[in-house]
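Below: the structure, in structure tokens.
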Amino acid sequence: MVKAKNSKEDAIASKIARILANGHDGQRLPRVRDLMAEFKTSQRVVQRAIAPYVSLGKIEVRRGLGMVISVPETITETYDADCLILYRDSESRLPRRLLIELVAHLRRAGYRVVLSGFNNEARALELLENRGRVRCCLLQTNFENVSVKLLAQIKNVADSLVIDGVSVTGIDADVIGTNWREALSIGYRKLVSQGHTRISFLTSSHGARQIAMARREFLLLSEWQGPGPCPLLCQVDRLPGSYQREDLLAALPNRNNGEGAATALIIWGLVDGYLLDSALNENNLRLGDDISILLLGSVDVASEHVTRFNMVGNSDAEKLQLFERTIISRIEGDTSVTQTHYLPIYLLDHGSIQLLDATTGA
């Protein structure tokens with residue numbers, strides 16, 4: 001309530017304050033002469049009592065209505081876009097394809113989306129410095145490190161943050177991804193249940209936490225105790241999704257490997273199943289007979305398994321739906337506590353694993 005200078009002025013100001021607190025925009029207030037009669041005072045006292053409310057914009061005089069309540073317009077923040085999708089350029093086609101589908105879904109739902117790529121963090125910071133405010137930002141880093149500086153800059157321009165991949169957790173962001181250690185463990189145990197004891201693993205040598213932990217998980221599963229590198233762990237100096245033909249040829253056994261050769265191979269990060277098919281033919285290997293194959297990836301992406309290779313992993317469609325649902329909820333103002341969402345793991349069987357005699361290891 002606005003302070004008045006005498007008892008009648010104070011009483012009038014109190015009455016006006018009560019009306020303003022319970023009223024609505026455009027509601028008529030008592031006339032000056034009515035207030036003069038009610039409080040048995042002069043026009044000057046009434047005008048002094050209401051003057052502070054007029055100066056604050058809470059009361060205005062409208063022609064034909066007299067004094068009415070005026071609710072000041074709230075200043076709403078201006079947003080350049082509903083969602084900014086910020087992604088690190090990658091040789092792998094798979095992450096970019098998912099983002100393109102996500103953009104299409106969001107735009108069909110009527111949201112304004114900006115898709116921006118960067119090849120290094122300096123470029124990402126530059127993009128953010130020139131960017132107006134957005135309601136939500138989706139960050140896809142493709143296993144690369146994320147600095148505190150980049151996260152802080154994103155939070156400067158975005159009301160909320162969603163991250164693709166569970167390498168970054170424990171921060172104020174919704175994180176969506178797959179526990180690839182879990183997928184590897186499920187796949188490895190599936191091969192063991194089929195009698196395989198010499199199982200190799202083709203993966204990236206990158207230092208990202210998800211990849212490094214998957215390599216460690218493999219060493220634990222294979223019970224490797226040697227001081228040197230495990231011969232069954234094949235590491236490629238590329239990120240998952242960007243393997244080349246020569247990487248597959250090097251990981252596959254050939255007929256000259258002898259008794260110590262692996263009977264099964266797990267590959268994480270292959271996006272072109274036909275490339276593996278070609279490598280098998282070049283090494284003259286019969287799938288399921290000479291070598292059993294199991295891929296870690298997206299079970300519903302046909303280009304990966306080409307209806308030939310067993311696969312353990314997530315559903316690309318489920319991932320897309322979860323991104324869309326989470327981003328839309330944040331755009332619409334959801335202020336609930338952020339979460340880490342692990343996608344369900346599935347096993348797809350296309351017959352690329354041979355059942356061995358577990359008693360002989362044949």
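Ligands are numbered from 1 in the order shown, chains are lettered A, B, ... in the order of the structure tokens, and residues start at 1 in each chain.
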
Phe323 (chain A) environment, 9 Å, only C-alpha atoms, sequence neighbours closer than 5 positions dropped, as a list of chain:residue names: A:Leu102, A:Leu138, A:Val162, A:Asp164, A:Ile176, A:Glu318, A:Ile328

Counting only C-alpha atoms, which residues in region 255-296 of chain A sit no more than 6 Å from region 199-216 of chain A? For each one, give the nearest pair of atoms and the distance in Å, sorted by chain then residue number, as a tab-separated table.
residue	atom	partner	partner_atom	distance
A:Ala262	CA	A:Ile199	CA	5.4
A:Ala264	CA	A:Ile199	CA	4.8
A:Leu265	CA	A:Ser200	CA	4.8
A:Ile266	CA	A:Phe201	CA	4.8
A:Ile267	CA	A:Leu202	CA	4.8
A:Trp268	CA	A:Thr203	CA	5.4

Sorted by chain and rising residue number, list the residues of region 264-319 of chain A at most 12 Å from region 183-198 of chain A (counting only C-alpha atoms), each with its closest atom pair and distance in Å to one decimal, as a Markdown table.
| residue | atom | partner | partner_atom | distance |
| --- | --- | --- | --- | --- |
| A:Ala264 | CA | A:Arg198 | CA | 6.7 |
| A:Leu265 | CA | A:Arg198 | CA | 8.8 |
| A:Ile266 | CA | A:Gly187 | CA | 7.7 |
| A:Ile267 | CA | A:Leu184 | CA | 9.4 |
| A:Trp268 | CA | A:Leu184 | CA | 8.5 |
| A:Gly269 | CA | A:Leu184 | CA | 11.8 |
| A:Gly288 | CA | A:Gln194 | CA | 11.5 |
| A:Ile291 | CA | A:His196 | CA | 10.4 |
| A:Ser292 | CA | A:Leu191 | CA | 8.5 |
| A:Ile293 | CA | A:Leu191 | CA | 9.3 |
| A:Leu294 | CA | A:Gly187 | CA | 7.1 |
| A:Leu295 | CA | A:Gly187 | CA | 8.3 |
| A:Leu296 | CA | A:Ala183 | CA | 7.0 |
| A:Gly297 | CA | A:Ala183 | CA | 8.9 |
| A:Ser298 | CA | A:Ala183 | CA | 10.9 |
| A:Val299 | CA | A:Ala183 | CA | 11.6 |
| A:Asn310 | CA | A:Gly187 | CA | 9.2 |
| A:Met311 | CA | A:Gly187 | CA | 8.0 |
| A:Val312 | CA | A:Ala183 | CA | 6.0 |
| A:Gly313 | CA | A:Ala183 | CA | 5.8 |
| A:Asn314 | CA | A:Ala183 | CA | 8.6 |

For Leu99 (chain A), find every residue with an atom within 12 Å (counting only C-alpha atoms), except residues of its own chain fewer than 4 positions away, and show them as number ranges by chain. A: 84-89, 93-95, 103-106, 113-117, 138-140, 164, 316-317, 319-321, 323-324
